[in-house]
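Heads up, query_16.pdb below (PDB, C-alpha atoms):
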ATOM      1  CA  MET I   1      -3.022  18.702  36.767  1.00  0.00           C
ATOM      2  CA  SER I   2      -4.562  17.715  33.444  1.00  0.00           C
ATOM      3  CA  ALA I   3      -5.036  14.042  32.670  1.00  0.00           C
ATOM      4  CA  SER I   4      -2.805  12.332  30.136  1.00  0.00           C
ATOM      5  CA  GLY I   5      -3.297   9.195  28.094  1.00  0.00           C
ATOM      6  CA  PRO I   6      -5.090   8.156  24.898  1.00  0.00           C
ATOM      7  CA  LEU I   7      -8.511   9.144  26.301  1.00  0.00           C
ATOM      8  CA  ALA I   8      -7.374  12.422  27.867  1.00  0.00           C
ATOM      9  CA  GLY I   9     -10.085  15.046  27.626  1.00  0.00           C
ATOM     10  CA  ARG I  10     -12.733  12.474  26.604  1.00  0.00           C
ATOM     11  CA  THR I  11     -15.904  11.772  28.567  1.00  0.00           C
ATOM     12  CA  VAL I  12     -17.281   8.271  28.005  1.00  0.00           C
ATOM     13  CA  VAL I  13     -20.705   7.313  29.306  1.00  0.00           C
ATOM     14  CA  VAL I  14     -20.735   3.868  30.947  1.00  0.00           C
ATOM     15  CA  THR I  15     -24.274   2.502  30.953  1.00  0.00           C
ATOM     16  CA  ARG I  16     -23.802  -0.844  32.704  1.00  0.00           C
ATOM     17  CA  PRO I  17     -25.877  -1.437  35.861  1.00  0.00           C
ATOM     18  CA  ARG I  18     -24.161   0.405  38.698  1.00  0.00           C
ATOM     19  CA  ALA I  19     -22.918  -2.769  40.392  1.00  0.00           C
ATOM     20  CA  GLN I  20     -21.029  -3.823  37.228  1.00  0.00           C
ATOM     21  CA  ALA I  21     -19.797  -0.407  36.043  1.00  0.00           C
ATOM     22  CA  ALA I  22     -16.638   0.046  38.133  1.00  0.00           C
ATOM     23  CA  PRO I  23     -14.138  -2.138  36.191  1.00  0.00           C
ATOM     24  CA  LEU I  24     -14.731  -0.386  32.849  1.00  0.00           C
ATOM     25  CA  ALA I  25     -14.827   3.022  34.532  1.00  0.00           C
ATOM     26  CA  LYS I  26     -11.407   2.336  36.065  1.00  0.00           C
ATOM     27  CA  MET I  27      -9.990   1.309  32.678  1.00  0.00           C
ATOM     28  CA  ILE I  28     -11.256   4.548  31.128  1.00  0.00           C
ATOM     29  CA  ALA I  29      -9.759   6.586  33.972  1.00  0.00           C
ATOM     30  CA  ALA I  30      -6.436   4.740  33.640  1.00  0.00           C
ATOM     31  CA  ALA I  31      -6.351   5.819  29.975  1.00  0.00           C
ATOM     32  CA  GLY I  32      -6.861   9.429  31.028  1.00  0.00           C
ATOM     33  CA  GLY I  33     -10.563   9.648  30.281  1.00  0.00           C
ATOM     34  CA  ASN I  34     -13.559  10.574  32.381  1.00  0.00           C
ATOM     35  CA  ALA I  35     -16.184   7.870  32.910  1.00  0.00           C
ATOM     36  CA  LEU I  36     -19.689   9.229  33.382  1.00  0.00           C
ATOM     37  CA  LEU I  37     -21.752   6.510  35.087  1.00  0.00           C
ATOM     38  CA  PHE I  38     -25.302   6.443  33.781  1.00  0.00           C
ATOM     39  CA  PRO I  39     -26.949   3.011  34.254  1.00  0.00           C
ATOM     40  CA  LEU I  40     -29.588   2.371  31.602  1.00  0.00           C
ATOM     41  CA  LEU I  41     -31.015  -0.505  33.620  1.00  0.00           C
ATOM     42  CA  GLU I  42     -32.195  -0.311  37.209  1.00  0.00           C
ATOM     43  CA  ILE I  43     -31.914  -3.736  38.851  1.00  0.00           C
ATOM     44  CA  ALA I  44     -34.218  -4.803  41.688  1.00  0.00           C
ATOM     45  CA  PRO I  45     -35.249  -8.107  43.285  1.00  0.00           C
ATOM     46  CA  ALA I  46     -38.055  -9.997  41.600  1.00  0.00           C
ATOM     47  CA  ALA I  47     -41.480  -8.887  42.742  1.00  0.00           C
ATOM     48  CA  ASP I  48     -42.435 -12.492  43.522  1.00  0.00           C
ATOM     49  CA  HIS I  49     -39.874 -14.628  45.371  1.00  0.00           C
ATOM     50  CA  GLY I  50     -41.943 -17.790  45.022  1.00  0.00           C
ATOM     51  CA  GLU I  51     -40.093 -19.171  41.988  1.00  0.00           C
ATOM     52  CA  LEU I  52     -36.696 -18.663  43.588  1.00  0.00           C
ATOM     53  CA  GLU I  53     -37.727 -20.143  46.932  1.00  0.00           C
ATOM     54  CA  ALA I  54     -39.209 -23.171  45.159  1.00  0.00           C
ATOM     55  CA  ALA I  55     -35.966 -23.639  43.210  1.00  0.00           C
ATOM     56  CA  ALA I  56     -33.990 -23.500  46.457  1.00  0.00           C
ATOM     57  CA  GLY I  57     -36.130 -26.303  47.824  1.00  0.00           C
ATOM     58  CA  ARG I  58     -35.433 -28.588  44.874  1.00  0.00           C
ATOM     59  CA  LEU I  59     -31.831 -27.621  44.161  1.00  0.00           C
ATOM     60  CA  ASP I  60     -30.656 -31.221  44.545  1.00  0.00           C
ATOM     61  CA  ASP I  61     -32.955 -32.277  41.701  1.00  0.00           C
ATOM     62  CA  TYR I  62     -31.066 -30.265  39.069  1.00  0.00           C
ATOM     63  CA  ASP I  63     -28.091 -31.430  37.022  1.00  0.00           C
ATOM     64  CA  LEU I  64     -27.075 -27.971  35.806  1.00  0.00           C
ATOM     65  CA  ALA I  65     -27.650 -24.396  36.958  1.00  0.00           C
ATOM     66  CA  ILE I  66     -27.138 -21.592  34.421  1.00  0.00           C
ATOM     67  CA  PHE I  67     -26.671 -17.975  35.512  1.00  0.00           C
ATOM     68  CA  VAL I  68     -27.210 -15.411  32.769  1.00  0.00           C
ATOM     69  CA  SER I  69     -25.513 -12.418  34.427  1.00  0.00           C
ATOM     70  CA  PRO I  70     -23.745 -11.213  37.581  1.00  0.00           C
ATOM     71  CA  ASN I  71     -27.126  -9.822  38.640  1.00  0.00           C
ATOM     72  CA  ALA I  72     -28.559 -13.331  38.511  1.00  0.00           C
ATOM     73  CA  VAL I  73     -25.790 -14.506  40.841  1.00  0.00           C
ATOM     74  CA  ALA I  74     -26.264 -11.591  43.229  1.00  0.00           C
ATOM     75  CA  HIS I  75     -30.037 -11.997  43.448  1.00  0.00           C
ATOM     76  CA  ALA I  76     -30.303 -15.803  43.388  1.00  0.00           C
ATOM     77  CA  LEU I  77     -27.541 -17.087  45.651  1.00  0.00           C
ATOM     78  CA  PRO I  78     -28.665 -15.475  48.939  1.00  0.00           C
ATOM     79  CA  THR I  79     -31.912 -17.425  48.705  1.00  0.00           C
ATOM     80  CA  LEU I  80     -30.410 -20.595  47.239  1.00  0.00           C
ATOM     81  CA  LEU I  81     -27.715 -20.773  49.928  1.00  0.00           C
ATOM     82  CA  ALA I  82     -29.706 -19.400  52.858  1.00  0.00           C
ATOM     83  CA  GLU I  83     -29.962 -22.775  54.586  1.00  0.00           C
ATOM     84  CA  ARG I  84     -27.471 -24.992  52.784  1.00  0.00           C
ATOM     85  CA  ALA I  85     -24.228 -25.235  50.825  1.00  0.00           C
ATOM     86  CA  TRP I  86     -24.115 -25.534  47.043  1.00  0.00           C
ATOM     87  CA  PRO I  87     -24.695 -29.191  46.044  1.00  0.00           C
ATOM     88  CA  ALA I  88     -21.393 -30.831  45.131  1.00  0.00           C
ATOM     89  CA  ARG I  89     -22.904 -32.636  42.131  1.00  0.00           C
ATOM     90  CA  LEU I  90     -24.686 -29.595  40.684  1.00  0.00           C
ATOM     91  CA  ALA I  91     -22.745 -28.228  37.702  1.00  0.00           C
ATOM     92  CA  THR I  92     -22.889 -24.524  36.873  1.00  0.00           C
ATOM     93  CA  ALA I  93     -22.619 -22.499  33.680  1.00  0.00           C
ATOM     94  CA  ALA I  94     -22.293 -18.772  33.044  1.00  0.00           C
ATOM     95  CA  VAL I  95     -22.924 -16.730  29.914  1.00  0.00           C
ATOM     96  CA  GLY I  96     -19.708 -14.748  30.360  1.00  0.00           C
ATOM     97  CA  PRO I  97     -16.546 -14.365  32.464  1.00  0.00           C
ATOM     98  CA  GLY I  98     -18.050 -11.643  34.665  1.00  0.00           C
ATOM     99  CA  THR I  99     -20.781 -14.021  35.760  1.00  0.00           C
ATOM    100  CA  ALA I 100     -18.258 -16.841  36.245  1.00  0.00           C
ATOM    101  CA  LYS I 101     -16.171 -14.554  38.469  1.00  0.00           C
ATOM    102  CA  ALA I 102     -19.254 -13.610  40.494  1.00  0.00           C
ATOM    103  CA  LEU I 103     -19.908 -17.314  41.123  1.00  0.00           C
ATOM    104  CA  ALA I 104     -16.282 -17.975  42.031  1.00  0.00           C
ATOM    105  CA  ASP I 105     -16.340 -15.035  44.462  1.00  0.00           C
ATOM    106  CA  GLU I 106     -19.240 -16.765  46.211  1.00  0.00           C
ATOM    107  CA  GLY I 107     -17.328 -20.039  46.504  1.00  0.00           C
ATOM    108  CA  ILE I 108     -18.692 -21.757  43.381  1.00  0.00           C
ATOM    109  CA  PRO I 109     -15.723 -22.144  40.995  1.00  0.00           C
ATOM    110  CA  GLY I 110     -15.240 -24.225  37.882  1.00  0.00           C
ATOM    111  CA  CYS I 111     -18.332 -23.318  35.924  1.00  0.00           C
ATOM    112  CA  LEU I 112     -18.752 -23.756  32.174  1.00  0.00           C
ATOM    113  CA  VAL I 113     -18.275 -20.487  30.272  1.00  0.00           C
ATOM    114  CA  PRO I 114     -17.762 -19.679  26.572  1.00  0.00           C
ATOM    115  CA  ALA I 115     -14.217 -18.814  25.570  1.00  0.00           C
ATOM    116  CA  GLU I 116     -15.111 -16.091  23.072  1.00  0.00           C
ATOM    117  CA  ARG I 117     -18.767 -15.313  22.380  1.00  0.00           C
ATOM    118  CA  PHE I 118     -20.392 -14.326  25.664  1.00  0.00           C
ATOM    119  CA  ASP I 119     -24.087 -14.876  24.980  1.00  0.00           C
ATOM    120  CA  SER I 120     -26.659 -17.646  24.702  1.00  0.00           C
ATOM    121  CA  GLU I 121     -25.290 -18.711  21.325  1.00  0.00           C
ATOM    122  CA  GLY I 122     -21.784 -19.005  22.776  1.00  0.00           C
ATOM    123  CA  LEU I 123     -23.017 -21.137  25.647  1.00  0.00           C
ATOM    124  CA  LEU I 124     -25.085 -23.376  23.383  1.00  0.00           C
ATOM    125  CA  ALA I 125     -22.026 -24.001  21.181  1.00  0.00           C
ATOM    126  CA  LEU I 126     -20.112 -25.647  24.040  1.00  0.00           C
ATOM    127  CA  PRO I 127     -19.776 -29.448  23.732  1.00  0.00           C
ATOM    128  CA  ASP I 128     -21.508 -29.924  27.098  1.00  0.00           C
ATOM    129  CA  PHE I 129     -24.677 -28.441  25.596  1.00  0.00           C
ATOM    130  CA  ALA I 130     -24.847 -30.770  22.597  1.00  0.00           C
ATOM    131  CA  GLY I 131     -28.007 -32.835  22.409  1.00  0.00           C
ATOM    132  CA  GLU I 132     -26.318 -36.141  23.222  1.00  0.00           C
ATOM    133  CA  ARG I 133     -24.969 -34.673  26.483  1.00  0.00           C
ATOM    134  CA  ILE I 134     -27.684 -32.285  27.641  1.00  0.00           C
ATOM    135  CA  GLY I 135     -30.624 -34.495  26.675  1.00  0.00           C
ATOM    136  CA  GLY I 136     -32.446 -35.862  29.725  1.00  0.00           C
ATOM    137  CA  GLN I 137     -30.799 -33.418  32.142  1.00  0.00           C
ATOM    138  CA  ARG I 138     -32.754 -31.115  34.391  1.00  0.00           C
ATOM    139  CA  VAL I 139     -31.602 -27.515  34.020  1.00  0.00           C
ATOM    140  CA  ALA I 140     -32.332 -24.371  36.025  1.00  0.00           C
ATOM    141  CA  ILE I 141     -31.798 -20.987  34.353  1.00  0.00           C
ATOM    142  CA  PHE I 142     -31.515 -18.082  36.784  1.00  0.00           C
ATOM    143  CA  ARG I 143     -32.292 -14.826  35.004  1.00  0.00           C
ATOM    144  CA  GLY I 144     -34.066 -11.472  35.032  1.00  0.00           C
ATOM    145  CA  ASP I 145     -37.599 -10.786  33.894  1.00  0.00           C
ATOM    146  CA  GLY I 146     -38.170 -10.763  30.156  1.00  0.00           C
ATOM    147  CA  GLY I 147     -35.117 -11.296  28.005  1.00  0.00           C
ATOM    148  CA  ARG I 148     -34.464 -13.797  25.248  1.00  0.00           C
ATOM    149  CA  GLU I 149     -35.924 -17.299  25.255  1.00  0.00           C
ATOM    150  CA  LEU I 150     -33.317 -18.763  22.901  1.00  0.00           C
ATOM    151  CA  LEU I 151     -31.326 -20.561  25.601  1.00  0.00           C
ATOM    152  CA  ALA I 152     -34.300 -22.244  27.256  1.00  0.00           C
ATOM    153  CA  ASP I 153     -36.043 -23.086  23.978  1.00  0.00           C
ATOM    154  CA  THR I 154     -32.921 -24.608  22.418  1.00  0.00           C
ATOM    155  CA  LEU I 155     -32.113 -26.711  25.484  1.00  0.00           C
ATOM    156  CA  ARG I 156     -35.669 -28.049  25.479  1.00  0.00           C
ATOM    157  CA  GLU I 157     -35.344 -28.880  21.775  1.00  0.00           C
ATOM    158  CA  ARG I 158     -32.177 -30.809  22.655  1.00  0.00           C
ATOM    159  CA  GLY I 159     -34.048 -32.886  25.213  1.00  0.00           C
ATOM    160  CA  ALA I 160     -33.384 -31.097  28.495  1.00  0.00           C
ATOM    161  CA  GLN I 161     -36.024 -30.351  31.094  1.00  0.00           C
ATOM    162  CA  VAL I 162     -35.692 -26.620  31.769  1.00  0.00           C
ATOM    163  CA  ASP I 163     -36.994 -24.395  34.552  1.00  0.00           C
ATOM    164  CA  CYS I 164     -36.572 -20.622  34.149  1.00  0.00           C
ATOM    165  CA  ILE I 165     -36.365 -18.847  37.491  1.00  0.00           C
ATOM    166  CA  THR I 166     -36.798 -15.079  37.589  1.00  0.00           C
ATOM    167  CA  CYS I 167     -34.654 -13.652  40.382  1.00  0.00           C
ATOM    168  CA  TYR I 168     -34.474  -9.957  39.454  1.00  0.00           C
ATOM    169  CA  ARG I 169     -36.325  -7.358  37.415  1.00  0.00           C
ATOM    170  CA  ARG I 170     -35.130  -4.566  35.177  1.00  0.00           C
ATOM    171  CA  SER I 171     -36.465  -1.118  34.433  1.00  0.00           C
ATOM    172  CA  GLY I 172     -35.257   2.055  32.767  1.00  0.00           C
ATOM    173  CA  PRO I 173     -33.526   4.937  34.567  1.00  0.00           C
ATOM    174  CA  ALA I 174     -35.842   6.196  37.299  1.00  0.00           C
ATOM    175  CA  ALA I 175     -34.354   9.708  37.220  1.00  0.00           C
ATOM    176  CA  GLY I 176     -34.793  10.203  33.473  1.00  0.00           C
ATOM    177  CA  PHE I 177     -32.148  11.400  31.034  1.00  0.00           C
ATOM    178  CA  GLY I 178     -31.464  14.933  32.218  1.00  0.00           C
ATOM    179  CA  GLN I 179     -27.868  14.150  33.207  1.00  0.00           C
ATOM    180  CA  LEU I 180     -27.030  13.019  29.666  1.00  0.00           C
ATOM    181  CA  LEU I 181     -28.775  15.959  28.040  1.00  0.00           C
ATOM    182  CA  GLU I 182     -26.913  18.375  30.280  1.00  0.00           C
ATOM    183  CA  ALA I 183     -23.568  16.764  29.384  1.00  0.00           C
ATOM    184  CA  TRP I 184     -24.401  16.957  25.670  1.00  0.00           C
ATOM    185  CA  ARG I 185     -25.419  20.616  25.911  1.00  0.00           C
ATOM    186  CA  ALA I 186     -22.198  21.400  27.766  1.00  0.00           C
ATOM    187  CA  GLY I 187     -20.151  19.748  25.007  1.00  0.00           C
ATOM    188  CA  ARG I 188     -18.572  17.219  27.368  1.00  0.00           C
ATOM    189  CA  LEU I 189     -19.975  13.918  26.145  1.00  0.00           C
ATOM    190  CA  ASP I 190     -17.750  12.174  23.604  1.00  0.00           C
ATOM    191  CA  ALA I 191     -18.955   8.549  23.487  1.00  0.00           C
ATOM    192  CA  ILE I 192     -21.444   6.120  24.981  1.00  0.00           C
ATOM    193  CA  VAL I 193     -20.820   2.471  25.815  1.00  0.00           C
ATOM    194  CA  VAL I 194     -23.901   0.236  25.697  1.00  0.00           C
ATOM    195  CA  SER I 195     -23.725  -3.475  26.560  1.00  0.00           C
ATOM    196  CA  SER I 196     -27.446  -4.313  26.649  1.00  0.00           C
ATOM    197  CA  SER I 197     -29.968  -4.238  23.822  1.00  0.00           C
ATOM    198  CA  GLU I 198     -32.727  -3.648  26.359  1.00  0.00           C
ATOM    199  CA  GLY I 199     -30.838  -0.707  27.825  1.00  0.00           C
ATOM    200  CA  LEU I 200     -30.327   0.717  24.329  1.00  0.00           C
ATOM    201  CA  ARG I 201     -34.061   0.608  23.690  1.00  0.00           C
ATOM    202  CA  TYR I 202     -34.701   2.439  26.972  1.00  0.00           C
ATOM    203  CA  LEU I 203     -32.183   5.079  25.926  1.00  0.00           C
ATOM    204  CA  VAL I 204     -33.699   5.759  22.510  1.00  0.00           C
ATOM    205  CA  ALA I 205     -37.275   5.672  23.800  1.00  0.00           C
ATOM    206  CA  GLY I 206     -36.502   7.953  26.746  1.00  0.00           C
ATOM    207  CA  LEU I 207     -34.937  10.801  24.753  1.00  0.00           C
ATOM    208  CA  ASP I 208     -36.886  13.505  22.969  1.00  0.00           C
ATOM    209  CA  GLU I 209     -36.150  14.207  19.308  1.00  0.00           C
ATOM    210  CA  ALA I 210     -33.401  16.697  20.141  1.00  0.00           C
ATOM    211  CA  GLY I 211     -31.795  14.120  22.409  1.00  0.00           C
ATOM    212  CA  ARG I 212     -32.045  11.421  19.742  1.00  0.00           C
ATOM    213  CA  GLU I 213     -30.331  13.732  17.270  1.00  0.00           C
ATOM    214  CA  ARG I 214     -27.464  14.221  19.721  1.00  0.00           C
ATOM    215  CA  LEU I 215     -27.334  10.450  20.188  1.00  0.00           C
ATOM    216  CA  ARG I 216     -27.110   9.936  16.416  1.00  0.00           C
ATOM    217  CA  GLN I 217     -24.074  12.234  16.353  1.00  0.00           C
ATOM    218  CA  THR I 218     -22.297  10.458  19.237  1.00  0.00           C
ATOM    219  CA  PRO I 219     -20.065   7.358  18.790  1.00  0.00           C
ATOM    220  CA  LEU I 220     -21.810   4.351  20.330  1.00  0.00           C
ATOM    221  CA  PHE I 221     -19.514   1.495  21.388  1.00  0.00           C
ATOM    222  CA  VAL I 222     -21.173  -1.926  21.701  1.00  0.00           C
ATOM    223  CA  PRO I 223     -19.589  -5.341  22.377  1.00  0.00           C
ATOM    224  CA  HIS I 224     -22.020  -7.514  20.439  1.00  0.00           C
ATOM    225  CA  GLU I 225     -23.255  -7.698  16.850  1.00  0.00           C
ATOM    226  CA  ARG I 226     -26.858  -8.119  18.019  1.00  0.00           C
ATOM    227  CA  ILE I 227     -26.728  -4.798  19.881  1.00  0.00           C
ATOM    228  CA  ALA I 228     -25.055  -3.144  16.890  1.00  0.00           C
ATOM    229  CA  GLY I 229     -27.839  -4.402  14.624  1.00  0.00           C
ATOM    230  CA  ILE I 230     -30.539  -3.048  16.916  1.00  0.00           C
ATOM    231  CA  ALA I 231     -28.725   0.300  17.111  1.00  0.00           C
ATOM    232  CA  ARG I 232     -28.718   0.556  13.323  1.00  0.00           C
ATOM    233  CA  GLU I 233     -32.400  -0.429  13.173  1.00  0.00           C
ATOM    234  CA  LEU I 234     -33.100   2.422  15.580  1.00  0.00           C
ATOM    235  CA  GLY I 235     -31.426   4.884  13.246  1.00  0.00           C
ATOM    236  CA  LEU I 236     -28.029   5.221  14.918  1.00  0.00           C
ATOM    237  CA  ALA I 237     -25.217   5.508  12.391  1.00  0.00           C
ATOM    238  CA  ARG I 238     -22.055   5.995  14.474  1.00  0.00           C
ATOM    239  CA  VAL I 239     -21.973   2.447  15.841  1.00  0.00           C
ATOM    240  CA  GLU I 240     -18.585   1.001  16.810  1.00  0.00           C
ATOM    241  CA  LEU I 241     -18.633  -2.789  17.253  1.00  0.00           C
ATOM    242  CA  THR I 242     -15.892  -3.942  19.641  1.00  0.00           C
ATOM    243  CA  GLU I 243     -14.704  -7.273  20.955  1.00  0.00           C
ATOM    244  CA  ALA I 244     -16.617  -8.747  23.885  1.00  0.00           C
ATOM    245  CA  ALA I 245     -16.533  -7.774  27.559  1.00  0.00           C
ATOM    246  CA  ASP I 246     -14.923  -4.751  29.227  1.00  0.00           C
ATOM    247  CA  SER I 247     -11.542  -5.680  27.758  1.00  0.00           C
ATOM    248  CA  GLY I 248     -12.954  -5.504  24.230  1.00  0.00           C
ATOM    249  CA  LEU I 249     -14.740  -2.239  24.901  1.00  0.00           C
ATOM    250  CA  ILE I 250     -11.637  -0.498  26.234  1.00  0.00           C
ATOM    251  CA  ARG I 251      -9.601  -1.735  23.255  1.00  0.00           C
ATOM    252  CA  GLY I 252     -12.234  -0.288  20.952  1.00  0.00           C
ATOM    253  CA  LEU I 253     -12.176   3.052  22.758  1.00  0.00           C
ATOM    254  CA  LEU I 254      -8.386   3.209  22.629  1.00  0.00           C
ATOM    255  CA  ALA I 255      -8.261   2.334  18.920  1.00  0.00           C
ATOM    256  CA  TYR I 256     -10.955   4.797  17.852  1.00  0.00           C
ATOM    257  CA  ASN I 257      -9.971   7.702  15.618  1.00  0.00           C
ATOM    258  CA  TRP I 258     -11.337  10.604  17.669  1.00  0.00           C
ATOM    259  CA  SER I 259     -10.321  13.178  15.069  1.00  0.00           C
ATOM    260  CA  ALA I 260     -12.415  11.599  12.298  1.00  0.00           C
TER     261      ALA I 260
END
Encoded form using structure tokens:
Amino acid sequence: MSASGPLAGRTVVVTRPRAQAAPLAKMIAAAGGNALLFPLLEIAPAADHGELEAAAGRLDDYDLAIFVSPNAVAHALPTLLAERAWPARLATAAVGPGTAKALADEGIPGCLVPAERFDSEGLLALPDFAGERIGGQRVAIFRGDGGRELLADTLRERGAQVDCITCYRRSGPAAGFGQLLEAWRAGRLDAIVVSSSEGLRYLVAGLDEAGRERLRQTPLFVPHERIAGIARELGLARVELTEAADSGLIRGLLAYNWSA
């Protein structure tokens, strides 16, 4: 039986890390499409656990713990909660609703989260992060290796004492890009969803010139203006900026004019 729905006959590449790919893949399937899972970022525990173990030992000293992604929750909490419960007085914040849900699923509800813009800028715009409220507080940021320093730098400028704790590391696809190239050659790759600027860079750098040309001809759906800007800087013209999160991405896919 052939699939029906607005995405019937369309193959959409979902490039989120494998652990976070299922919700969007299910939405694509519910609309009749085929979700091809191809994580652009491989996630692994941090090579050195010293920072995380030290943070676990001084958890009671912090006023606020910020988690930058569901991966930060998954890789930090087992160590932080190995020998104790979460401190009742320790507030939490998450960059987006997926991270907030990951915390709630682990028994840590009620964290601060932006209502619309799910990034460092959105978090910093919350009243709780204004200088008169964050100044003097001790903050722990649980994150992956590398990444942007905007959040930590801005909080320090506003008077907070900030510790950045690396709890996971990221790398490009270990198996290369053969699966994508095969799908392109077979004519069964209609769109790519990219939700990480780092992942996008891995994608462009990992393809040969023929692969990059195919990428330039493929609609690229991104949920953030920063990622869209990087895509254009990298020479990609068919960039579709959607609203944030999986809900925004699926709305963008459903609204796209596939016959254009």
Practice task
Output the residue selection produced by the PyMOL selection byres ((chain I and resi 75-83) around 10) on the file above, formatted as a ChimeraX atom specification.
Solution key: /I:43-46,49,52-59,67,70-74,84-87,103,106,142-144,165-169
Output C-alpha atoms for every residue in the selection just made, as an mmCIF file, in the frame of the given file.
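Produced file again.cif, reproduced below:
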data_model
loop_
_atom_site.group_PDB
_atom_site.id
_atom_site.type_symbol
_atom_site.label_atom_id
_atom_site.label_comp_id
_atom_site.auth_asym_id
_atom_site.auth_seq_id
_atom_site.Cartn_x
_atom_site.Cartn_y
_atom_site.Cartn_z
ATOM 1 C CA ILE I 43 -31.914 -3.736 38.851
ATOM 2 C CA ALA I 44 -34.218 -4.803 41.688
ATOM 3 C CA PRO I 45 -35.249 -8.107 43.285
ATOM 4 C CA ALA I 46 -38.055 -9.997 41.600
ATOM 5 C CA HIS I 49 -39.874 -14.628 45.371
ATOM 6 C CA LEU I 52 -36.696 -18.663 43.588
ATOM 7 C CA GLU I 53 -37.727 -20.143 46.932
ATOM 8 C CA ALA I 54 -39.209 -23.171 45.159
ATOM 9 C CA ALA I 55 -35.966 -23.639 43.210
ATOM 10 C CA ALA I 56 -33.990 -23.500 46.457
ATOM 11 C CA GLY I 57 -36.130 -26.303 47.824
ATOM 12 C CA ARG I 58 -35.433 -28.588 44.874
ATOM 13 C CA LEU I 59 -31.831 -27.621 44.161
ATOM 14 C CA PHE I 67 -26.671 -17.975 35.512
ATOM 15 C CA PRO I 70 -23.745 -11.213 37.581
ATOM 16 C CA ASN I 71 -27.126 -9.822 38.640
ATOM 17 C CA ALA I 72 -28.559 -13.331 38.511
ATOM 18 C CA VAL I 73 -25.790 -14.506 40.841
ATOM 19 C CA ALA I 74 -26.264 -11.591 43.229
ATOM 20 C CA ARG I 84 -27.471 -24.992 52.784
ATOM 21 C CA ALA I 85 -24.228 -25.235 50.825
ATOM 22 C CA TRP I 86 -24.115 -25.534 47.043
ATOM 23 C CA PRO I 87 -24.695 -29.191 46.044
ATOM 24 C CA LEU I 103 -19.908 -17.314 41.123
ATOM 25 C CA GLU I 106 -19.240 -16.765 46.211
ATOM 26 C CA PHE I 142 -31.515 -18.082 36.784
ATOM 27 C CA ARG I 143 -32.292 -14.826 35.004
ATOM 28 C CA GLY I 144 -34.066 -11.472 35.032
ATOM 29 C CA ILE I 165 -36.365 -18.847 37.491
ATOM 30 C CA THR I 166 -36.798 -15.079 37.589
ATOM 31 C CA CYS I 167 -34.654 -13.652 40.382
ATOM 32 C CA TYR I 168 -34.474 -9.957 39.454
ATOM 33 C CA ARG I 169 -36.325 -7.358 37.415
#
Exercise for the section: Take CA of Ile66 (chain I) and CA of Thr92 (chain I) and report the distance between them in Å, one decimal. Expected result: 5.7 Å
For the contact check between region 7-122 of chain I and region 195-214 of chain I, emit one row per residue of region 7-122 of chain I within 12 Å, containing the shortest atom pair and the distance in Å rounded to one decimal, counting only C-alpha atoms, chain then rising number order, as CSV.
residue,atom,partner,partner_atom,distance
I:Val13,CA,I:Ser195,CA,11.5
I:Val14,CA,I:Ser195,CA,9.1
I:Thr15,CA,I:Ser195,CA,7.4
I:Arg16,CA,I:Ser195,CA,6.7
I:Pro17,CA,I:Gly199,CA,9.5
I:Gln20,CA,I:Ser195,CA,11.0
I:Ala21,CA,I:Ser195,CA,10.7
I:Leu24,CA,I:Ser195,CA,11.4
I:Phe38,CA,I:Leu203,CA,10.5
I:Pro39,CA,I:Gly199,CA,8.4
I:Leu40,CA,I:Gly199,CA,5.0
I:Leu41,CA,I:Gly199,CA,5.8
I:Glu42,CA,I:Gly199,CA,9.5
I:Ile43,CA,I:Gly199,CA,11.5
I:Ser69,CA,I:Ser196,CA,11.4
I:Phe118,CA,I:Ser195,CA,11.4
I:Asp119,CA,I:Ser196,CA,11.2
Keeping only C-alpha atoms, write the selected residues as an mmCIF file, in the frame of the given file.
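Saved the output as out.cif:
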data_model
loop_
_atom_site.group_PDB
_atom_site.id
_atom_site.type_symbol
_atom_site.label_atom_id
_atom_site.label_comp_id
_atom_site.auth_asym_id
_atom_site.auth_seq_id
_atom_site.Cartn_x
_atom_site.Cartn_y
_atom_site.Cartn_z
ATOM 1 C CA VAL I 13 -20.705 7.313 29.306
ATOM 2 C CA VAL I 14 -20.735 3.868 30.947
ATOM 3 C CA THR I 15 -24.274 2.502 30.953
ATOM 4 C CA ARG I 16 -23.802 -0.844 32.704
ATOM 5 C CA PRO I 17 -25.877 -1.437 35.861
ATOM 6 C CA GLN I 20 -21.029 -3.823 37.228
ATOM 7 C CA ALA I 21 -19.797 -0.407 36.043
ATOM 8 C CA LEU I 24 -14.731 -0.386 32.849
ATOM 9 C CA PHE I 38 -25.302 6.443 33.781
ATOM 10 C CA PRO I 39 -26.949 3.011 34.254
ATOM 11 C CA LEU I 40 -29.588 2.371 31.602
ATOM 12 C CA LEU I 41 -31.015 -0.505 33.620
ATOM 13 C CA GLU I 42 -32.195 -0.311 37.209
ATOM 14 C CA ILE I 43 -31.914 -3.736 38.851
ATOM 15 C CA SER I 69 -25.513 -12.418 34.427
ATOM 16 C CA PHE I 118 -20.392 -14.326 25.664
ATOM 17 C CA ASP I 119 -24.087 -14.876 24.980
#
Exercise for the section: Would you mind telling me which residue in I:Ala115, I:Ala31, I:Gly147, I:Pro97 lies nearest to Pro6 (chain I) when using all atoms listed in the file? Expected result: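 Among the listed residues, the smallest separation from Pro6 (chain I) belongs to I:Ala31.
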Practice task
Could you check how far CA of Ala94 (chain I) sits from CA of Leu112 (chain I), in Å to one decimal?
Solution key: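 CA of Leu112 (chain I) lies at a distance of 6.2 Å from CA of Ala94 (chain I).
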Handout entry: Expansion of the PyMOL selection byres ((chain I and resi 256) around 12) into residues, as a ChimeraX atom specification
Key = /I:6-7,10,190-191,219-221,238-242,249-255,257-260
